[in-house]
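Shown here: entry_37.txt, compact mmCIF, C-alpha atoms.
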# COMPACT_ATOMS: atom_id res chain seq x y z
CA MET Z 1 -15.03 2.08 35.77
CA THR Z 2 -13.36 5.43 35.08
CA SER Z 3 -12.84 6.85 31.60
CA LEU Z 4 -9.10 6.17 31.92
CA HIS Z 5 -9.79 2.58 32.91
CA LEU Z 6 -12.15 2.09 29.95
CA THR Z 7 -9.64 3.69 27.59
CA ARG Z 8 -6.85 1.38 28.78
CA ARG Z 9 -9.04 -1.70 28.35
CA LEU Z 10 -10.17 -0.69 24.85
CA HIS Z 11 -6.56 0.00 23.84
CA LEU Z 12 -5.47 -3.38 25.17
CA TYR Z 13 -8.25 -5.70 24.02
CA PHE Z 14 -8.50 -4.28 20.50
CA GLY Z 15 -4.74 -4.72 20.26
CA LEU Z 16 -4.88 -8.34 21.35
CA ALA Z 17 -7.85 -9.27 19.16
CA LEU Z 18 -6.37 -7.65 16.06
CA LEU Z 19 -2.81 -8.75 16.79
CA PRO Z 20 -2.63 -11.18 13.80
CA TRP Z 21 -3.56 -8.41 11.38
CA LEU Z 22 -1.01 -6.01 12.84
CA LEU Z 23 1.66 -8.67 12.77
CA MET Z 24 0.72 -9.47 9.19
CA TYR Z 25 0.81 -5.80 8.13
CA GLY Z 26 4.13 -5.30 9.90
CA LEU Z 27 5.85 -8.36 8.42
CA SER Z 28 4.33 -8.08 4.95
CA SER Z 29 5.49 -4.49 4.65
CA ILE Z 30 9.08 -5.74 4.62
CA PRO Z 31 8.87 -7.53 1.22
CA ILE Z 32 6.81 -4.63 -0.13
CA ALA Z 33 9.32 -1.98 0.97
CA HIS Z 34 12.30 -4.11 -0.12
CA ASN Z 35 10.76 -5.96 -3.07
CA GLN Z 36 13.92 -5.97 -5.16
CA PHE Z 37 15.81 -7.86 -2.47
CA PHE Z 38 13.15 -10.58 -2.35
CA ALA Z 39 12.85 -10.74 -6.14
CA ASP Z 40 16.64 -11.19 -6.48
CA ARG Z 41 16.64 -13.80 -3.73
CA ASP Z 42 13.97 -15.81 -5.51
CA ALA Z 43 15.58 -15.37 -8.92
CA ALA Z 44 18.77 -16.92 -7.50
CA LYS Z 45 16.84 -20.18 -6.98
CA ASP Z 46 16.35 -20.37 -10.75
CA LEU Z 47 12.92 -21.99 -10.45
CA PRO Z 48 10.02 -21.12 -12.76
CA LEU Z 49 7.34 -19.09 -11.02
CA TRP Z 50 4.52 -20.41 -13.23
CA THR Z 51 3.85 -24.01 -14.31
CA VAL Z 52 1.48 -24.82 -17.16
CA ARG Z 53 -1.35 -27.02 -15.97
CA MET Z 54 -3.21 -27.21 -19.26
CA GLU Z 55 -3.61 -25.61 -22.63
CA ARG Z 56 -6.72 -26.12 -24.73
CA PRO Z 57 -8.76 -24.58 -27.54
CA PHE Z 58 -11.20 -21.97 -26.36
CA ASP Z 59 -13.47 -19.66 -28.29
CA ALA Z 60 -15.79 -17.15 -26.69
CA PRO Z 61 -16.68 -13.54 -27.50
CA VAL Z 62 -14.90 -11.08 -25.20
CA PRO Z 63 -17.01 -8.17 -23.94
CA ARG Z 64 -15.35 -4.77 -23.55
CA ASP Z 65 -17.46 -3.59 -20.64
CA GLN Z 66 -15.68 -4.15 -17.30
CA GLU Z 67 -18.70 -5.72 -15.56
CA LYS Z 68 -19.37 -8.07 -18.47
CA LEU Z 69 -15.65 -8.86 -18.64
CA ARG Z 70 -15.97 -10.19 -15.09
CA GLU Z 71 -18.84 -12.40 -16.19
CA PHE Z 72 -16.66 -13.66 -19.03
CA GLY Z 73 -13.90 -14.45 -16.52
CA ARG Z 74 -16.33 -16.39 -14.34
CA ALA Z 75 -17.44 -18.45 -17.34
CA ALA Z 76 -13.84 -19.13 -18.44
CA LEU Z 77 -12.92 -20.32 -14.93
CA ALA Z 78 -15.93 -22.66 -14.91
CA ALA Z 79 -15.07 -23.97 -18.39
CA THR Z 80 -11.51 -24.84 -17.31
CA GLY Z 81 -12.52 -26.26 -13.93
CA VAL Z 82 -10.55 -23.68 -11.94
CA THR Z 83 -12.11 -22.83 -8.61
CA ALA Z 84 -10.99 -20.18 -6.11
CA PRO Z 85 -12.86 -17.72 -3.92
CA ASN Z 86 -11.52 -14.65 -5.73
CA PHE Z 87 -10.62 -13.62 -9.22
CA GLY Z 88 -9.78 -10.62 -11.32
CA VAL Z 89 -9.99 -10.09 -15.09
CA PHE Z 90 -8.13 -7.65 -17.27
CA SER Z 91 -7.29 -7.29 -20.90
CA PRO Z 92 -3.71 -6.00 -21.39
CA ASN Z 93 -4.14 -5.78 -25.17
CA PRO Z 94 -6.88 -6.40 -27.76
CA THR Z 95 -5.81 -10.03 -28.33
CA THR Z 96 -5.33 -11.21 -24.75
CA VAL Z 97 -7.47 -11.61 -21.62
CA ASN Z 98 -5.82 -12.51 -18.30
CA ILE Z 99 -7.86 -14.03 -15.50
CA GLN Z 100 -6.18 -14.35 -12.12
CA SER Z 101 -7.86 -16.74 -9.71
CA PHE Z 102 -6.48 -16.59 -6.20
CA SER Z 103 -6.75 -17.48 -2.57
CA PHE Z 104 -4.24 -16.55 0.12
CA LEU Z 105 -2.39 -19.84 -0.44
CA LYS Z 106 -2.74 -20.48 -4.17
CA THR Z 107 -2.82 -18.48 -7.39
CA THR Z 108 -3.81 -19.70 -10.84
CA ARG Z 109 -3.64 -17.68 -14.03
CA LEU Z 110 -5.68 -18.16 -17.18
CA VAL Z 111 -4.41 -16.52 -20.35
CA TYR Z 112 -6.89 -16.43 -23.22
CA ARG Z 113 -5.27 -15.61 -26.56
CA ILE Z 114 -8.17 -14.47 -28.69
CA ASP Z 115 -6.37 -14.58 -32.05
CA GLN Z 116 -5.15 -18.16 -31.40
CA GLN Z 117 -8.46 -19.25 -29.80
CA LYS Z 118 -6.47 -20.90 -27.05
CA ILE Z 119 -6.54 -20.74 -23.27
CA THR Z 120 -3.63 -21.60 -20.98
CA VAL Z 121 -3.97 -22.43 -17.28
CA GLU Z 122 -0.88 -21.89 -15.13
CA ASP Z 123 -0.25 -22.37 -11.39
CA ARG Z 124 2.06 -20.11 -9.43
CA ARG Z 125 4.70 -21.61 -7.18
CA PHE Z 126 4.16 -20.77 -3.50
CA ARG Z 127 6.45 -18.03 -2.29
CA PHE Z 128 6.29 -16.93 1.32
CA ASP Z 129 6.98 -13.26 0.50
CA GLN Z 130 4.13 -13.29 -2.05
CA PHE Z 131 1.88 -14.99 0.50
CA LEU Z 132 2.59 -12.09 2.87
CA THR Z 133 2.12 -9.40 0.23
CA GLY Z 134 -1.10 -11.14 -0.86
CA LEU Z 135 -2.42 -10.82 2.68
CA HIS Z 136 -1.32 -7.19 2.79
CA THR Z 137 -2.90 -6.12 -0.49
CA ARG Z 138 -6.17 -8.04 -0.27
CA GLY Z 139 -9.16 -5.81 0.29
CA GLY Z 140 -12.30 -4.37 -1.20
CA PHE Z 141 -15.83 -5.56 -1.59
CA GLU Z 142 -15.70 -6.61 -5.25
CA GLN Z 143 -15.37 -10.38 -4.80
CA ASP Z 144 -18.16 -12.95 -4.59
CA GLY Z 145 -19.26 -14.47 -1.30
CA PHE Z 146 -19.54 -13.65 2.36
CA LEU Z 147 -16.00 -14.35 3.61
CA PRO Z 148 -14.15 -12.02 1.21
CA ASP Z 149 -16.54 -9.25 2.26
CA ALA Z 150 -16.02 -10.19 5.90
CA TRP Z 151 -12.24 -9.85 5.38
CA ALA Z 152 -12.81 -6.34 3.98
CA VAL Z 153 -14.97 -5.47 6.98
CA VAL Z 154 -12.18 -6.63 9.33
CA ILE Z 155 -9.73 -4.42 7.42
CA ASP Z 156 -12.00 -1.44 8.07
CA LEU Z 157 -12.11 -2.50 11.71
CA VAL Z 158 -8.31 -2.66 11.87
CA CYS Z 159 -8.11 0.85 10.39
CA LEU Z 160 -10.63 2.17 12.90
CA ALA Z 161 -8.73 0.38 15.67
CA ILE Z 162 -5.49 2.10 14.60
CA ILE Z 163 -7.26 5.47 14.86
CA LEU Z 164 -8.63 4.37 18.23
CA TRP Z 165 -5.13 3.34 19.43
CA ILE Z 166 -3.80 6.75 18.47
CA ALA Z 167 -6.65 8.56 20.23
CA THR Z 168 -6.56 6.40 23.36
CA GLY Z 169 -2.76 6.42 23.39
CA VAL Z 170 -2.69 10.22 23.29
CA PHE Z 171 -5.39 10.35 25.97
CA MET Z 172 -3.51 7.97 28.30
CA TRP Z 173 -0.24 9.81 27.80
CA HIS Z 174 -1.89 13.16 28.47
CA ARG Z 175 -3.29 11.90 31.77
CA MET Z 176 0.26 11.07 32.92
CA THR Z 177 1.35 14.58 33.88
CA ARG Z 178 4.97 13.57 34.58
CA LYS Z 179 5.40 12.19 31.04
CA ARG Z 180 3.99 15.18 29.22
CA LEU Z 181 7.18 16.97 28.24
CA TRP Z 182 8.84 14.03 26.46
CA GLY Z 183 5.51 13.05 24.98
CA TRP Z 184 5.14 16.50 23.46
CA VAL Z 185 8.67 16.25 22.10
CA ALA Z 186 7.89 12.89 20.43
CA LEU Z 187 4.50 14.01 19.14
CA LEU Z 188 5.71 17.32 17.70
CA ALA Z 189 8.87 15.77 16.24
CA GLY Z 190 6.75 13.16 14.46
CA ALA Z 191 4.16 15.65 13.23
CA GLY Z 192 6.87 18.09 12.11
CA SER Z 193 8.82 15.43 10.22
CA PHE Z 194 5.67 14.18 8.54
CA ALA Z 195 4.70 17.71 7.51
CA VAL Z 196 8.14 18.24 5.95
CA PHE Z 197 7.76 15.01 3.94
CA ALA Z 198 4.26 15.98 2.83
CA LEU Z 199 5.42 19.39 1.61
CA LYS Z 200 8.81 18.50 0.15
CA LEU Z 201 8.67 14.94 -1.19
CA MET P 1 13.74 -1.27 34.80
CA LEU P 2 13.03 -3.41 31.71
CA SER P 3 9.32 -2.87 32.20
CA THR P 4 9.85 0.90 32.26
CA VAL P 5 11.89 0.78 29.05
CA VAL P 6 9.24 -1.37 27.34
CA ARG P 7 6.40 0.94 28.37
CA GLN P 8 8.26 4.13 27.48
CA SER P 9 9.37 2.88 24.06
CA HIS P 10 5.78 1.72 23.39
CA ARG P 11 4.47 5.19 24.31
CA TYR P 12 7.02 7.52 22.74
CA LEU P 13 7.46 5.56 19.51
CA GLY P 14 3.67 5.59 19.22
CA LEU P 15 3.49 9.34 19.71
CA PHE P 16 6.28 9.96 17.19
CA LEU P 17 4.82 7.67 14.51
CA ALA P 18 1.19 8.67 15.07
CA PRO P 19 0.99 10.66 11.77
CA TRP P 20 2.27 7.68 9.77
CA LEU P 21 -0.19 5.32 11.45
CA LEU P 22 -3.05 7.73 10.87
CA MET P 23 -2.05 8.05 7.20
CA TYR P 24 -1.81 4.26 6.77
CA ALA P 25 -5.18 3.74 8.47
CA LEU P 26 -7.00 6.35 6.39
CA SER P 27 -5.34 5.33 3.12
CA THR P 28 -6.10 1.65 3.72
CA MET P 29 -9.76 2.52 4.27
CA ALA P 30 -9.76 4.53 1.04
CA MET P 31 -8.22 1.61 -0.88
CA ASN P 32 -10.58 -0.87 0.76
CA HIS P 33 -13.48 1.19 -0.61
CA HIS P 34 -11.90 1.60 -4.04
CA GLY P 35 -15.21 0.64 -5.69
CA TYR P 36 -16.92 3.66 -4.13
CA PHE P 37 -14.32 6.04 -5.55
CA ILE P 38 -14.49 4.40 -8.99
CA ALA P 39 -18.26 4.85 -8.95
CA LYS P 40 -17.81 8.48 -7.93
CA HIS P 41 -14.87 9.54 -10.13
CA GLY P 42 -14.61 6.83 -12.82
CA ARG P 43 -11.75 4.49 -13.72
CA GLU P 44 -9.68 6.98 -15.67
CA PRO P 45 -6.58 8.45 -14.00
CA GLN P 46 -6.97 11.95 -12.66
CA PRO P 47 -6.33 14.46 -15.48
CA PHE P 48 -3.46 16.95 -15.47
CA GLU P 49 -4.42 20.60 -15.61
CA LYS P 50 -2.27 23.31 -17.15
CA GLU P 51 -0.44 25.31 -14.48
CA ARG P 52 1.76 27.53 -16.66
CA GLU P 53 3.72 27.66 -19.88
CA LEU P 54 7.04 29.43 -20.23
CA PRO P 55 10.04 29.70 -22.53
CA TYR P 56 13.17 27.80 -21.50
CA ALA P 57 16.26 29.48 -22.84
CA GLU P 58 18.98 27.55 -21.00
CA SER P 59 21.11 25.17 -23.03
CA PHE P 60 22.06 21.58 -22.31
CA SER P 61 25.46 19.97 -22.53
CA ALA P 62 26.19 18.19 -25.81
CA GLY P 63 24.75 14.67 -25.86
CA ALA P 64 22.77 15.21 -22.66
CA SER P 65 20.47 12.25 -21.94
CA PRO P 66 16.73 12.82 -21.33
CA ARG P 67 17.41 12.09 -17.65
CA GLU P 68 20.05 14.85 -17.49
CA VAL P 69 17.77 17.24 -19.36
CA GLY P 70 14.94 16.46 -16.97
CA ARG P 71 17.06 16.97 -13.88
CA GLN P 72 18.40 20.31 -15.15
CA ILE P 73 14.88 21.55 -15.87
CA LEU P 74 13.61 20.50 -12.45
CA ILE P 75 16.50 22.28 -10.74
CA SER P 76 15.84 25.42 -12.82
CA LEU P 77 12.19 25.36 -11.79
CA ASP P 78 13.06 24.73 -8.13
CA LEU P 79 11.09 21.48 -8.35
CA ASP P 80 13.91 18.99 -7.95
CA GLY P 81 12.87 15.69 -6.39
CA ALA P 82 11.80 12.14 -7.23
CA HIS P 83 10.84 11.93 -10.88
CA THR P 84 10.82 9.84 -14.03
CA VAL P 85 11.75 11.03 -17.51
CA ASN P 86 10.87 9.78 -20.96
CA GLN P 87 11.33 11.09 -24.45
CA ARG P 88 8.56 11.10 -27.02
CA PRO P 89 9.21 10.20 -30.70
CA ASN P 90 8.92 13.92 -31.60
CA GLY P 91 11.89 14.67 -29.30
CA SER P 92 9.99 16.36 -26.49
CA VAL P 93 11.06 15.37 -22.98
CA VAL P 94 8.35 14.54 -20.45
CA ILE P 95 9.21 14.75 -16.76
CA ASN P 96 6.82 13.29 -14.21
CA ARG P 97 7.63 14.84 -10.86
CA ASN P 98 6.27 12.48 -8.22
CA ASP P 99 5.08 15.09 -5.75
CA LEU P 100 3.02 13.49 -2.99
CA VAL P 101 0.26 16.08 -2.94
CA SER P 102 0.23 17.56 -6.46
CA PRO P 103 2.23 15.56 -9.02
CA ARG P 104 3.43 17.58 -11.97
CA ARG P 105 4.05 16.73 -15.61
CA ILE P 106 6.56 18.99 -17.30
CA THR P 107 6.93 18.78 -21.05
CA TYR P 108 9.94 20.37 -22.72
CA THR P 109 9.70 20.88 -26.47
CA PRO P 110 13.22 21.41 -27.89
CA GLY P 111 11.94 22.82 -31.20
CA ASP P 112 10.48 25.99 -29.67
CA HIS P 113 12.25 25.81 -26.27
CA GLN P 114 8.93 25.81 -24.42
CA LEU P 115 8.04 24.28 -21.09
CA LEU P 116 4.49 23.20 -20.33
CA ILE P 117 3.87 22.58 -16.64
CA GLU P 118 0.75 20.67 -15.66
CA LYS P 119 -0.35 19.43 -12.27
CA GLN P 120 -2.94 17.11 -10.81
CA ALA P 121 -5.35 18.69 -8.39
CA PRO P 122 -5.22 16.99 -4.99
CA ARG P 123 -8.01 14.49 -4.35
CA ALA P 124 -8.11 13.07 -0.82
CA ASN P 125 -8.25 9.35 -1.63
CA VAL P 126 -5.59 9.63 -4.37
CA VAL P 127 -3.23 11.65 -2.16
CA LEU P 128 -3.64 9.14 0.69
CA GLU P 129 -2.97 6.23 -1.66
CA ARG P 130 0.12 8.01 -2.97
CA PHE P 131 1.45 8.39 0.58
CA HIS P 132 0.69 4.74 1.26
CA ARG P 133 2.52 3.46 -1.82
CA ARG P 134 5.52 5.79 -1.68
CA ARG P 135 8.88 3.99 -1.46
CA GLY P 136 12.16 5.79 -1.39
CA TYR P 137 15.44 3.94 -1.51
CA ALA P 138 15.69 3.79 -5.31
CA THR P 139 15.28 7.47 -6.19
CA GLY P 140 18.68 8.67 -5.00
CA TYR P 141 17.21 11.70 -3.22
CA ALA P 142 18.10 12.09 0.46
CA LEU P 143 14.57 13.09 1.42
CA ASP P 144 13.13 9.98 -0.25
CA THR P 145 15.70 7.82 1.52
CA ALA P 146 14.69 9.47 4.80
CA TRP P 147 11.04 8.69 4.02
CA ALA P 148 11.95 5.06 3.30
CA VAL P 149 13.73 4.92 6.66
CA THR P 150 10.57 6.20 8.39
CA VAL P 151 8.57 3.48 6.59
CA ASP P 152 11.03 0.88 7.92
CA LEU P 153 10.79 2.50 11.34
CA THR P 154 7.00 2.21 11.19
CA ILE P 155 7.34 -1.48 10.29
CA ALA P 156 9.71 -2.00 13.23
CA GLY P 157 7.34 0.09 15.37
CA ILE P 158 4.35 -2.13 14.55
CA VAL P 159 6.27 -5.28 15.47
CA GLY P 160 7.67 -3.52 18.56
CA TRP P 161 4.20 -2.40 19.71
CA LEU P 162 2.95 -5.95 19.39
CA LEU P 163 5.77 -7.37 21.47
CA SER P 164 5.72 -4.58 24.06
CA GLY P 165 1.89 -4.69 24.11
CA LEU P 166 2.03 -8.40 24.89
CA TRP P 167 4.53 -7.68 27.64
CA ILE P 168 2.39 -4.92 29.16
CA TRP P 169 -0.70 -7.15 28.96
CA TRP P 170 1.10 -10.01 30.71
CA GLU P 171 2.16 -7.69 33.53
CA MET P 172 -1.50 -6.76 34.16
CA LYS P 173 -2.72 -9.90 35.93
CA ALA P 174 -6.35 -8.76 36.03
CA THR P 175 -6.58 -8.72 32.24
CA ARG P 176 -4.87 -12.01 31.47
CA VAL P 177 -7.96 -14.18 30.95
CA ALA P 178 -9.99 -11.65 28.97
CA GLY P 179 -6.89 -10.71 26.98
CA ALA P 180 -6.20 -14.35 26.14
CA VAL P 181 -9.80 -14.76 24.96
CA ALA P 182 -9.45 -11.68 22.74
CA ALA P 183 -6.09 -12.83 21.34
CA LEU P 184 -7.22 -16.40 20.65
CA SER P 185 -10.49 -15.24 19.05
CA GLY P 186 -8.57 -12.91 16.75
CA ALA P 187 -6.04 -15.60 15.86
CA ALA P 188 -8.79 -18.14 15.11
CA LEU P 189 -10.63 -15.69 12.88
CA PHE P 190 -7.42 -14.81 11.05
CA LEU P 191 -6.61 -18.49 10.41
CA LEU P 192 -10.16 -19.09 9.18
CA PHE P 193 -9.64 -16.39 6.56
CA VAL P 194 -6.17 -17.64 5.57
CA PHE P 195 -7.39 -21.18 4.90
CA THR P 196 -10.71 -20.33 3.26
CA ILE P 197 -10.21 -17.30 1.08
Take the structure in the file and write it out as structure tokens.
Amino acid sequence: MTSLHLTRRLHLYFGLALLPWLLMYGLSSIPIAHNQFFADRDAAKDLPLWTVRMERPFDAPVPRDQEKLREFGRAALAATGVTAPNFGVFSPNPTTVNIQSFSFLKTTRLVYRIDQQKITVEDRRFRFDQFLTGLHTRGGFEQDGFLPDAWAVVIDLVCLAIILWIATGVFMWHRMTRKRLWGWVALLAGAGSFAVFALKL
Amino acid sequence: MLSTVVRQSHRYLGLFLAPWLLMYALSTMAMNHHGYFIAKHGREPQPFEKERELPYAESFSAGASPREVGRQILISLDLDGAHTVNQRPNGSVVINRNDLVSPRRITYTPGDHQLLIEKQAPRANVVLERFHRRRGYATGYALDTAWAVTVDLTIAGIVGWLLSGLWIWWEMKATRVAGAVAALSGAALFLLFVFTI
């Protein structure tokens, strides 16, 4: 097997194996880049995004430390019977703690109002554009469990594969001596345009 | 003929958009390892550092809005571009110029006609993330609109590479079985993630 042969195979098989991620990143970038259009489209349906599942008294001390705040969120989820593989906790003001529990298909929100000693559990209506953007924005190694970490590892792999596609693509083009001129034109036009954006935007 | 068009568009679009793809790949890795950067630099936003301070003697039209004041100042400083403006209770106007590499905060104090210009020092992961998140259509600046068009072109490029890649793969008979195994394995793994996490 020659180096060109190996390069072509790597370029191809990585592309095919990671095709769902590329398709997902491609499609999900549309609602991210044109979010106002999708927000207006959904608003026209006049349906509530969140539905209250339950509201009940709740009283627990809220830690200020970010790590302990996560522990607090875990305990609040357990106390309300909400289960999901991922969650995030943040406190937008001194009297409120929001806990977002989410999977790719479902999102539940807990709002703890400290001054009222009350917790509300709300479910978010499924929206396809939010499903796509949820796939797009999911990442990191902060969640519990093996599969969320495995997803983050695959994201790194997709990023490395993109770099590999660029490198192998440039290599394959450069080996095609008859295609060099137009290739240089495309490559330099892209690099030049990008440099202008980087300097002027 | 069609095959030639598919292969050439796959190749030349890839060469043209290579810098965008490289930026998206590197910035995604940086965001995926956000925890590492928080551990290294902390959670606080990057501080602004004083760049210069100067008097601003030009006048504004009567009843000029903070937005108009901000725009005039940016043009005077040769820094015009995407920005936001807000006015503090003490009357000073704060302009955040959304520069991709070194964002600036310009504070104009009407009482003493002074301009304070501060900038954020570039930090690799922050700059990459800024590139990744930059949109453009809403700012009204032609260069931002052009950037937004390149983002849309990259989106179309990704979908186009997938379709043309599938075409090219299907034309290579020797790789059909191994390619199908790779594609199905990837699809199965993706679906596993979608339905479990």
| field | Interface residues on chain P facing chain Z, 8 Å, only C-alpha atoms, written as a VMD selection string | value | chain P and resid 11 to 22 25 to 26 28 to 29 31 to 35 81 to 82 98 to 101 135 143 to 144 147 to 148 151 to 152 155 to 156 158 to 159 162 165 to 166 169 178 to 180 182 to 187 190 193 to 197
Identify, on the basis of all atoms listed in the file, every residue whose closest approach to P:Gly111 does not exceed 12 Å; exclude the query and any residue fewer than 6 positions from it along the same chain; express the result as a JSON list (two decimals) with C-alpha atoms, keeping the file's coordinate frame.
[["chain", "number", "residue", "atom", "x", "y", "z"],
["P", 55, "PRO", "CA", 10.04, 29.70, -22.53],
["P", 56, "TYR", "CA", 13.17, 27.80, -21.50],
["P", 57, "ALA", "CA", 16.26, 29.48, -22.84],
["P", 90, "ASN", "CA", 8.92, 13.92, -31.60],
["P", 91, "GLY", "CA", 11.89, 14.67, -29.30],
["P", 92, "SER", "CA", 9.99, 16.36, -26.49],
["P", 93, "VAL", "CA", 11.06, 15.37, -22.98]]
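Atom CA of Z:Leu132 sits 15.9 Å away from atom CA of P:Leu192.
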| said: Could you check which residues have any atom within 10 Å of (13.9, 25.7, -25.2), counting all atoms listed in the file with coordinates taken straight from the file, and then list them as a ChimeraX atom specification? | reply: /P:54-60,108-115
Since the input has fewer atoms than a full residue there, write stretch 34-49 of chain P out with N, CA and C atoms, as an mmCIF file, keeping the file's coordinate frame.
data_model
loop_
_atom_site.group_PDB
_atom_site.id
_atom_site.type_symbol
_atom_site.label_atom_id
_atom_site.label_comp_id
_atom_site.auth_asym_id
_atom_site.auth_seq_id
_atom_site.Cartn_x
_atom_site.Cartn_y
_atom_site.Cartn_z
ATOM 1 N N HIS P 34 -12.281 1.166 -2.700
ATOM 2 C CA HIS P 34 -11.900 1.600 -4.040
ATOM 3 C C HIS P 34 -13.120 1.680 -4.969
ATOM 4 N N GLY P 35 -14.011 0.695 -4.835
ATOM 5 C CA GLY P 35 -15.210 0.640 -5.690
ATOM 6 C C GLY P 35 -16.056 1.898 -5.560
ATOM 7 N N TYR P 36 -16.146 2.441 -4.360
ATOM 8 C CA TYR P 36 -16.920 3.660 -4.130
ATOM 9 C C TYR P 36 -16.306 4.828 -4.912
ATOM 10 N N PHE P 37 -14.976 4.923 -4.872
ATOM 11 C CA PHE P 37 -14.320 6.040 -5.550
ATOM 12 C C PHE P 37 -14.368 5.886 -7.075
ATOM 13 N N ILE P 38 -14.349 4.622 -7.542
ATOM 14 C CA ILE P 38 -14.490 4.400 -8.990
ATOM 15 C C ILE P 38 -15.896 4.835 -9.430
ATOM 16 N N ALA P 39 -16.885 4.457 -8.622
ATOM 17 C CA ALA P 39 -18.260 4.850 -8.950
ATOM 18 C C ALA P 39 -18.410 6.372 -8.950
ATOM 19 N N LYS P 40 -17.679 7.023 -8.065
ATOM 20 C CA LYS P 40 -17.810 8.480 -7.930
ATOM 21 C C LYS P 40 -16.999 9.238 -8.988
ATOM 22 N N HIS P 41 -15.763 8.768 -9.252
ATOM 23 C CA HIS P 41 -14.870 9.540 -10.130
ATOM 24 C C HIS P 41 -14.533 8.842 -11.443
ATOM 25 N N GLY P 42 -14.942 7.567 -11.601
ATOM 26 C CA GLY P 42 -14.610 6.830 -12.820
ATOM 27 C C GLY P 42 -13.271 6.111 -12.710
ATOM 28 N N ARG P 43 -12.965 5.301 -13.743
ATOM 29 C CA ARG P 43 -11.750 4.490 -13.720
ATOM 30 C C ARG P 43 -10.532 5.228 -14.275
ATOM 31 N N GLU P 44 -10.788 6.282 -15.013
ATOM 32 C CA GLU P 44 -9.680 6.980 -15.670
ATOM 33 C C GLU P 44 -8.784 7.662 -14.637
ATOM 34 N N PRO P 45 -7.454 7.723 -14.926
ATOM 35 C CA PRO P 45 -6.580 8.450 -14.000
ATOM 36 C C PRO P 45 -6.956 9.929 -13.956
ATOM 37 N N GLN P 46 -6.633 10.525 -12.835
ATOM 38 C CA GLN P 46 -6.970 11.950 -12.660
ATOM 39 C C GLN P 46 -6.261 12.788 -13.731
ATOM 40 N N PRO P 47 -6.977 13.697 -14.395
ATOM 41 C CA PRO P 47 -6.330 14.460 -15.480
ATOM 42 C C PRO P 47 -5.350 15.514 -14.946
ATOM 43 N N PHE P 48 -4.376 15.842 -15.791
ATOM 44 C CA PHE P 48 -3.460 16.950 -15.470
ATOM 45 C C PHE P 48 -4.076 18.243 -15.974
ATOM 46 N N GLU P 49 -3.904 19.288 -15.191
ATOM 47 C CA GLU P 49 -4.420 20.600 -15.610
ATOM 48 C C GLU P 49 -3.238 21.554 -15.812
#
